[in-house]
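Participant: Please read through the structure below; I'll follow up with questions.
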Amino acid sequence: MIIVGVILLIVLALLGAPLFAIILGAAALGFHSLDTELAVLHIDIYQMANSVVLMALPLFTFAGFLLSESKTADRMMRLSQAALGWMPGGMAFVALIACAFFTALTGGSGVTIVALGALLLPALAKAGYAERFNLGLMTSSGSLGLLIVPSVPLLIYGIIAQQMSQQLEMPQVDIVDLYLAGLVPALLMIVALYLWCLWAMRKDPVPKQPFSFAELRAALWEARWEIPLPFVVLGGIFSGFLVVSEAAAVTALYVLVAEVVLYREISLRRLPGIMRESMVMVGGILLILGVALAFTDYLVYSGVPETLFDFIQTHVESKVAFLLLLNIVLLVLGALLDIFAALVIMVPLILPVALRYGIDPVHLGIIFVANMQIGYITPPVGMNLFIASYRFKKSITELFSATIPFMLVLLAVLMLITYVPSLSLFLVRD
């Protein structure tokens, strides 16, 4: 009966059945094979609902949808160009900074390419950058902000790790620690890509744009209600004045007032539709997350992590080799799965094994999201490639070819982040 159930689940997955149904079915089959009452599934899902941190997810998502529906991208672009356009390779740096922070605030890599692509691509071309360079820069920069507060992937990783902490007898993973740990790796990626841009343009440098204090002042005034937002989020969380869920509530309220009342770019008539769209997305994530945690309990009870660890230890003795194998596996997964699906499926398997190798769970979270970030531009299912292809009217192969130099730079930074844990943890650990 169990074998028939497994075969049926595989067939349903190949036919396109919803991911949550496949995971829930696998958990039910697993507990049935252990002669455990299936009522445990309801208990596991209910335990997830008790997570205080979970309240931050819908609030941050709603704030991100509001920002993506307003003219925040235009204002951010103008401000970045006014402040940084005078630097060598200034427009390239503007693109990196604007994409990173817009992705961080909205929580969506694809949203960044769609929203900023129409602004940045013509601006880069006008500044004198080659088309191939522009396409590679925009496509690879769309996911740069996934390690920056208030990163939704890091939040979901933290929720899963917290739910597993009692079963694995490990310390709780603090969401604030994850956000702190992501700052330096994100900065390294931005700086490394900027240096590559300077190197790529060394033989044919683009003329600098003159700095205009009047334009900077005008851009600052135009974005006056959005400039305080990062300070509200970062200051509230990192100062300890606000916990993550409270910071999410303040962020959502602040963005709502700014975009609806102060800027008046989102009408009250549109607001219910935006709420509905954002909560549909959140509902899908929560549904998958709930059943994934039930499946995690089955894996722990059945000893799958221990078996997996014994198998890996037999073939991979050193921590260095394990980290290399981990990166290869995560890069492949990032190219095949959506980041949220990869998180809920793989974290329960990887976290227990990584702990046995002495890898800090916070460091593991940074490695995981950094790999998924690169996976967005990796064939065959790299989401940014498809979104950029649709947005810029270019073929997938042309875009992938343009992103290869940028991907190699990101892979080099990934190796640095992986093998130098202090880059992630020095802000976290005393």
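In the structure tokens, the first chain shown is A, the next is B, and so on; residue numbers restart at 1 for each chain, and ligands run from 1 in the order shown.
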Near region 251-264 of chain A, within 8 Å and counting only C-alpha atoms, which residues show up once chain neighbours fewer than 3 positions away are dropped, as a VMD selection string?
Facilitator: chain A and resid 59 to 60 62 to 63 66 to 67 70 225 to 226 229 232 to 233 247 to 248 267 to 268
Participant: Taking the DSSP secondary structure from the backbone, can you list the residues of region 4-122 of chain A that are helix (DSSP H, G or I), as an NGL selection string?
Facilitator: :A and (4-14 or 19-33 or 39-49 or 53-69 or 72-84 or 90-106 or 109-122)
Participant: Which is closer to Leu408 (chain A) than all the others in A:Val11, A:Ile156, A:Ala127, A:Ala192, using only C-alpha atoms?
Facilitator: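 Of A:Val11, A:Ile156, A:Ala127, A:Ala192, the one nearest Leu408 (chain A), counting only C-alpha atoms, is A:Ala192.
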Participant: So, with only C-alpha atoms as the atoms that count, which of A:Pro379, A:Gly128, A:Gly25, A:Pro421 lies closest to Ile359 (chain A)?
Facilitator: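 Residue with the minimum atom-to-atom distance to Ile359 (chain A): A:Pro421.
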Participant: Residues at most 12 Å from Ala125 (chain A), counting only C-alpha atoms, excluding those fewer than 4 positions away in the same chain, as a list in words?
Facilitator: Met91, Ala92, Gly117, Ala118, Leu119, Leu120, Leu121, Tyr129, Ala130, Glu131, Arg132, Phe133, Asn134, Leu135, Leu137, Met138 and Val206 of chain A
Participant: Please save N, CA and C atoms of the selected residues as a tab-separated table (two decimals), in the first residue's frame.
Facilitator:
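Below is the file that was written, selection.tsv:
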```tsv
chain	number	residue	atom	x	y	z
A	91	MET	N	26.44	54.76	-13.40
A	91	MET	CA	25.12	54.21	-13.72
A	91	MET	C	25.05	52.72	-13.40
A	92	ALA	N	26.17	52.00	-13.58
A	92	ALA	CA	26.20	50.58	-13.21
A	92	ALA	C	26.00	50.43	-11.71
A	117	GLY	N	13.41	47.71	-14.77
A	117	GLY	CA	13.97	47.47	-16.09
A	117	GLY	C	13.64	48.57	-17.09
A	118	ALA	N	12.41	49.04	-17.07
A	118	ALA	CA	11.99	50.09	-18.00
A	118	ALA	C	12.71	51.40	-17.75
A	119	LEU	N	13.22	51.60	-16.53
A	119	LEU	CA	13.93	52.83	-16.20
A	119	LEU	C	15.43	52.69	-16.41
A	120	LEU	N	15.98	51.57	-15.93
A	120	LEU	CA	17.42	51.42	-15.91
A	120	LEU	C	18.02	51.06	-17.28
A	121	LEU	N	17.35	50.20	-18.03
A	121	LEU	CA	17.93	49.78	-19.31
A	121	LEU	C	18.13	50.96	-20.27
A	129	TYR	N	26.64	52.54	-22.10
A	129	TYR	CA	26.97	51.14	-21.84
A	129	TYR	C	26.46	50.26	-22.98
A	130	ALA	N	27.19	49.18	-23.26
A	130	ALA	CA	26.81	48.27	-24.34
A	130	ALA	C	25.57	47.48	-23.98
A	131	GLU	N	24.79	47.10	-24.99
A	131	GLU	CA	23.52	46.41	-24.75
A	131	GLU	C	23.72	45.09	-24.02
A	132	ARG	N	24.71	44.29	-24.45
A	132	ARG	CA	24.96	43.00	-23.81
A	132	ARG	C	25.28	43.17	-22.33
A	133	PHE	N	26.12	44.17	-22.03
A	133	PHE	CA	26.46	44.47	-20.64
A	133	PHE	C	25.22	44.86	-19.85
A	134	ASN	N	24.38	45.69	-20.42
A	134	ASN	CA	23.17	46.16	-19.74
A	134	ASN	C	22.23	45.00	-19.42
A	135	LEU	N	22.05	44.11	-20.38
A	135	LEU	CA	21.15	42.97	-20.18
A	135	LEU	C	21.68	42.06	-19.07
A	137	LEU	N	23.74	42.87	-16.61
A	137	LEU	CA	23.69	43.58	-15.33
A	137	LEU	C	22.28	43.58	-14.76
A	138	MET	N	21.28	43.91	-15.57
A	138	MET	CA	19.92	43.99	-15.07
A	138	MET	C	19.37	42.62	-14.67
A	206	VAL	N	33.07	54.74	-19.63
A	206	VAL	CA	31.90	55.58	-19.90
A	206	VAL	C	32.11	56.93	-19.22
```
Participant: How far is it from CA of Ile45 (chain A) to CA of Ile285 (chain A), in Å with one decimal?
Facilitator: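 Pair CA of Ile45 (chain A) / CA of Ile285 (chain A) returns 13.1 Å.
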